[in-house]
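See below for the structure under consideration.
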Amino acid sequence: MQSSNRSSGSPFAPHDQEDTAAMLDAIGVEDVEELFDIPAAVRFDDSFDIPPREEHELILEVGDMLDQNDDVVSLLGRGHYNHYIPALVDHIAGRSEYLTSYTQYQPEASQGFLQVLFEYQSMLVELTGLEVANCSLYDAATGLGEAATFADRLRHTDGDRILVPELLHPGRRSTLENYCAGPGLEVDTYPMDDGTVDVDGLASSLDESTVMVYVETPTIRGTIEPSLNEIGELVHDADAAFCIGTDPVALSILEEPASVGADVVVGDAGVLGLPAAFGMGLGLFATREEYVRQVPGRLVGATEDAAGNRAFALTLVTREQHIRRERATSNICTNQAWAALRAAMHAAWLGPDGLVELAQECIEQPAALATRLDDLGGVTAPFHDRHHFREFAFSTGVDADDLADILLERGYAVHALEDDVLQVCVIDQSEDTIDRFVQEFTEVLA
């Protein structure tokens, strides 16, 4: 019995020359290149000049290249967190029915995947207290941008100001400004007081032109916002939408956003299920049921099949690929479903108690490190007199840039913020490196 050898073809379109010729003949085309209309101005006709290599040679070459990377311990944080991911997540999420699935348009063939996404949405609903969550956006930055245009659609009076904290990740600010350029919204800031919202300053910034106010907890400096109730009342008195930025681990132990008047919650759900990639994330988006038809992206709903069995299907998909463009709420359309699936699996593995225990570690471990640093002469840790989550800033009396450079040479990456202020992040994956970090830091200060 002979088997055809198609190893020379693409693994994704495994057609030999005879198959390809038959298909081209059927559509009346002589060459595959005729199927691609690439303008001459952007067509690449040169050679990449990449010499062919054997697989073994290529592995050695790439390994040598990667060995040039600095071997450092990352204590960076600020939106990128490397929590331990159980092996079960990789094992199950790596199954072919998940890896090869794109958007789950055919529910009869995607019930398992759709159910996991439904559970992901349910997890966010339970954590936020809001009634509706979509099954993922790109990342926290696009979640914030979508929240701004979402709020603009909801507001019935004129207004064009989106208020954000002055301490906001520049990448999130930039993405938000890109989103706001189209509808003509203006991004403005309100002041911070010792790492959290200056409530009086926010009150002075609010007026009838305010469309939405965005508040983070934890903030980019790891501080926990203590005045969410008061802020929510101020925002609603100004007839603006109240948006909170957070993440699922923090939500398991902090105030429920719905209880403080949040209209929409955004953030990065990729703290569960995804390693720190310093780029890729998983945007969460939750809101009130009354706004469900304005939610961007996709929702998975529970229904019944023809036999009356519980089933799941995409519903209220309000992006422009599915409905008339003028009725679309967003063009956000990448498939982050696999990342959401991993987050749901990680959360299920932890369970409610495990999620709370992880959140408690995110409070206790930074507090313990801050105490050790504060005991060193000339160090004030934490810099802000607030409760912290995962990370904190601290002052040293030494130029922050110089100190960060020296620590990097000794194998530790930290953030230099301003003057003599540094920032470190300590979570479960970096806990075993802290003793050595304190020793190196002490030697540097001496």
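Identifiers for the structure tokens are assigned positionally: chains receive A, B, ... in sequence, residues are indexed from 1 per chain, and ligands are indexed from 1 in the order shown.
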
>> Among segment 92-328 of chain A, which ones does DSSP assign to strand (DSSP E or B) (computed from the backbone)? Answer as an NGL selection string.
In response: :A and (132-133 or 137 or 161-165 or 186-190 or 192-193 or 196-197 or 210-216 or 223 or 241-246 or 264-268 or 283-287 or 299-304 or 310-315 or 319)

Let's have the selection written as a PDB file, in the first residue's frame, with C-alpha atoms.
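Saved as again-v4.pdb:
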ATOM      1  CA  VAL A 132     -22.954  41.239  31.070  1.00  0.00           C
ATOM      2  CA  ALA A 133     -19.386  40.409  30.013  1.00  0.00           C
ATOM      3  CA  LEU A 137     -11.017  41.978  23.548  1.00  0.00           C
ATOM      4  CA  ARG A 161     -14.217  64.715  27.480  1.00  0.00           C
ATOM      5  CA  ILE A 162     -12.822  61.417  28.699  1.00  0.00           C
ATOM      6  CA  LEU A 163     -11.112  61.870  32.080  1.00  0.00           C
ATOM      7  CA  VAL A 164      -8.230  59.561  33.002  1.00  0.00           C
ATOM      8  CA  PRO A 165      -5.699  59.585  35.874  1.00  0.00           C
ATOM      9  CA  GLU A 186     -10.857  64.631  24.004  1.00  0.00           C
ATOM     10  CA  VAL A 187      -8.686  62.798  26.533  1.00  0.00           C
ATOM     11  CA  ASP A 188      -8.017  64.867  29.639  1.00  0.00           C
ATOM     12  CA  THR A 189      -6.477  64.071  33.029  1.00  0.00           C
ATOM     13  CA  TYR A 190      -7.424  64.553  36.646  1.00  0.00           C
ATOM     14  CA  MET A 192      -3.637  62.073  41.794  1.00  0.00           C
ATOM     15  CA  ASP A 193      -2.928  62.358  45.511  1.00  0.00           C
ATOM     16  CA  THR A 196      -4.607  57.407  44.104  1.00  0.00           C
ATOM     17  CA  VAL A 197      -7.374  59.750  42.989  1.00  0.00           C
ATOM     18  CA  THR A 210     -17.534  64.841  30.714  1.00  0.00           C
ATOM     19  CA  VAL A 211     -18.524  61.621  28.963  1.00  0.00           C
ATOM     20  CA  MET A 212     -16.603  59.092  31.064  1.00  0.00           C
ATOM     21  CA  VAL A 213     -14.270  58.935  34.050  1.00  0.00           C
ATOM     22  CA  TYR A 214     -11.722  56.128  34.200  1.00  0.00           C
ATOM     23  CA  VAL A 215     -10.282  54.995  37.539  1.00  0.00           C
ATOM     24  CA  GLU A 216      -7.784  52.168  38.090  1.00  0.00           C
ATOM     25  CA  THR A 223      -1.898  51.345  44.866  1.00  0.00           C
ATOM     26  CA  ALA A 241     -20.157  56.957  32.822  1.00  0.00           C
ATOM     27  CA  PHE A 242     -18.006  55.453  35.567  1.00  0.00           C
ATOM     28  CA  CYS A 243     -15.343  53.036  34.262  1.00  0.00           C
ATOM     29  CA  ILE A 244     -13.063  50.979  36.519  1.00  0.00           C
ATOM     30  CA  GLY A 245      -9.847  49.330  35.321  1.00  0.00           C
ATOM     31  CA  THR A 246      -8.776  46.199  37.210  1.00  0.00           C
ATOM     32  CA  VAL A 264     -18.314  49.412  32.861  1.00  0.00           C
ATOM     33  CA  VAL A 265     -15.246  47.446  33.955  1.00  0.00           C
ATOM     34  CA  VAL A 266     -12.209  46.879  31.737  1.00  0.00           C
ATOM     35  CA  GLY A 267      -8.727  45.516  32.263  1.00  0.00           C
ATOM     36  CA  ASP A 268      -6.468  42.596  31.487  1.00  0.00           C
ATOM     37  CA  GLY A 283      -9.039  42.476  27.360  1.00  0.00           C
ATOM     38  CA  LEU A 284     -11.991  42.096  29.694  1.00  0.00           C
ATOM     39  CA  PHE A 285     -15.174  44.124  29.309  1.00  0.00           C
ATOM     40  CA  ALA A 286     -18.216  43.969  31.602  1.00  0.00           C
ATOM     41  CA  THR A 287     -21.216  46.261  31.920  1.00  0.00           C
ATOM     42  CA  LEU A 299     -21.132  37.404  23.497  1.00  0.00           C
ATOM     43  CA  VAL A 300     -21.801  33.716  24.012  1.00  0.00           C
ATOM     44  CA  GLY A 301     -25.335  32.905  25.104  1.00  0.00           C
ATOM     45  CA  ALA A 302     -27.027  29.802  26.539  1.00  0.00           C
ATOM     46  CA  THR A 303     -29.882  28.368  24.493  1.00  0.00           C
ATOM     47  CA  GLU A 304     -31.448  24.988  23.586  1.00  0.00           C
ATOM     48  CA  ARG A 310     -28.841  23.050  26.828  1.00  0.00           C
ATOM     49  CA  ALA A 311     -26.559  24.501  24.167  1.00  0.00           C
ATOM     50  CA  PHE A 312     -24.374  27.550  23.513  1.00  0.00           C
ATOM     51  CA  ALA A 313     -24.078  29.936  20.570  1.00  0.00           C
ATOM     52  CA  LEU A 314     -22.678  33.330  19.652  1.00  0.00           C
ATOM     53  CA  THR A 315     -25.289  36.006  20.181  1.00  0.00           C
ATOM     54  CA  ARG A 319     -19.250  44.108  15.038  1.00  0.00           C
TER      55      ARG A 319
END

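For Leu185 of chain A, the list of residues within 10 Å, based on only C-alpha atoms and with local chain neighbours fewer than 5 positions off taken out, reads A:Ala148, A:Thr149, A:Asp152, A:Gly159, A:Asp160, A:Arg161, A:Ile162, A:Leu176, A:Glu177, A:Asn178, A:Tyr179, A:Cys180, A:Thr210, A:Val211.
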
>> Please return, as JSON, numbers by chain, all residues of segment 211-356 of chain A that DSSP assigns to alpha helix (DSSP H) on the basis of the backbone.
In response: {"A": [228, 229, 230, 231, 232, 233, 234, 235, 236, 237, 248, 249, 250, 251, 337, 338, 339, 340, 341, 342, 343, 344, 345, 346, 347, 348, 349, 350, 351, 352, 353, 354, 355, 356]}

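You will find atom CA of Asp139 of chain A at 11.2 Å from atom CA of Asp247 of chain A.
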
>> What's around Glu225 of chain A at 10 Å? Count only C-alpha atoms, leave out sequence neighbours fewer than 6 positions away in its own chain, and write the answer as a list of chain:residue names.
In response: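 Surrounding residues, per the criterion: A:Gly195, A:Thr196, A:Val197, A:Val215, A:Glu216, A:Thr217, A:Pro218, A:Thr219, A:Ile231, A:Leu254, A:Glu255, A:Arg386, A:His387, A:His388.
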
> Residues at most 12 Å from Val317 of chain A, counting only C-alpha atoms, excluding those fewer than 6 positions away in the same chain, as a list in words?
Replying inline: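 These residues fall inside the cut-off: Thr103, Gln104, Tyr105, Asn134, Cys135, Val292, Arg293, Gln294, Val295, Pro296, Gly297, Arg298, Leu299, Val300, Gly301, Ile323, Arg324, Arg327, Ala328, Thr329, Ser330, Asn331, Ile332 and Cys333 of chain A.
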
>> Which residues are close to Val444 of chain A, i.e. within 12 Å by only C-alpha atoms, leaving aside same-chain residues fewer than 5 positions away? Reply as a PyMOL selection string.
In response: chain A and resi 376+396+398+402-410+437-439

How would the residues just picked look written out with N, CA and C atoms as a CSV table (one decimal), in the first residue's frame?
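The file below, out-v1.csv, is the result:
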chain,number,residue,atom,x,y,z
A,376,LEU,N,16.1,49.4,55.6
A,376,LEU,CA,17.5,49.8,55.2
A,376,LEU,C,17.6,51.4,55.4
A,396,THR,N,14.9,56.2,47.5
A,396,THR,CA,16.2,55.7,48.0
A,396,THR,C,17.2,56.8,48.4
A,398,VAL,N,18.9,58.0,46.1
A,398,VAL,CA,19.9,57.9,45.0
A,398,VAL,C,19.2,58.0,43.7
A,402,ASP,N,20.4,55.7,37.7
A,402,ASP,CA,21.7,55.1,38.0
A,402,ASP,C,21.5,53.8,38.8
A,403,LEU,N,20.6,53.9,39.8
A,403,LEU,CA,20.4,52.7,40.6
A,403,LEU,C,19.8,51.5,39.8
A,404,ALA,N,18.9,51.8,38.9
A,404,ALA,CA,18.3,50.8,38.1
A,404,ALA,C,19.3,50.2,37.2
A,405,ASP,N,20.2,51.0,36.6
A,405,ASP,CA,21.2,50.5,35.8
A,405,ASP,C,22.2,49.5,36.5
A,406,ILE,N,22.6,49.9,37.7
A,406,ILE,CA,23.4,49.0,38.5
A,406,ILE,C,22.7,47.7,38.9
A,407,LEU,N,21.5,47.8,39.2
A,407,LEU,CA,20.7,46.6,39.6
A,407,LEU,C,20.6,45.7,38.4
A,408,LEU,N,20.4,46.3,37.2
A,408,LEU,CA,20.3,45.5,36.0
A,408,LEU,C,21.6,44.7,35.7
A,409,GLU,N,22.8,45.4,35.9
A,409,GLU,CA,24.0,44.7,35.8
A,409,GLU,C,24.2,43.6,36.7
A,410,ARG,N,23.5,43.6,37.9
A,410,ARG,CA,23.6,42.6,38.9
A,410,ARG,C,22.4,41.5,38.6
A,437,PHE,N,17.7,39.5,45.9
A,437,PHE,CA,17.5,40.9,45.5
A,437,PHE,C,17.8,41.8,46.6
A,438,VAL,N,17.3,41.5,47.8
A,438,VAL,CA,17.5,42.4,49.0
A,438,VAL,C,19.0,42.5,49.3
A,439,GLN,N,19.7,41.3,49.2
A,439,GLN,CA,21.1,41.3,49.4
A,439,GLN,C,21.9,42.2,48.4

>> I'd like the neighbourhood of Leu24 of chain A as a PyMOL selection string, where a residue qualifies if any of its atoms comes within 12 Å (using only C-alpha atoms), though same-chain residues fewer than 6 positions away should be ignored.
In response: chain A and resi 15+17-18+30-35

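Shortest atom-to-atom contact with Phe394 of chain A among A:Asp419, A:Asp237, A:Glu97, A:Asp64: A:Asp419, counting only C-alpha atoms.
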
>> Ranking A:Ala446, A:Cys362, A:Met65, A:Val72 by minimum distance to Cys425 of chain A and counting only C-alpha atoms, which one comes first?
In response: A:Cys362

>> Using Å and a single decimal, report how far atom CA of Pro248 of chain A sits from atom CA of Leu130 of chain A.
In response: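 Rounded to one decimal, the two atoms are 13.4 Å apart.
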
>> Residues within 12 Å of Trp349 of chain A, please, as a PyMOL selection string. Count only C-alpha atoms; anything in the same chain fewer than 2 positions from it doesn't count.
In response: chain A and resi 84-89+92+272-273+342-347+351-355
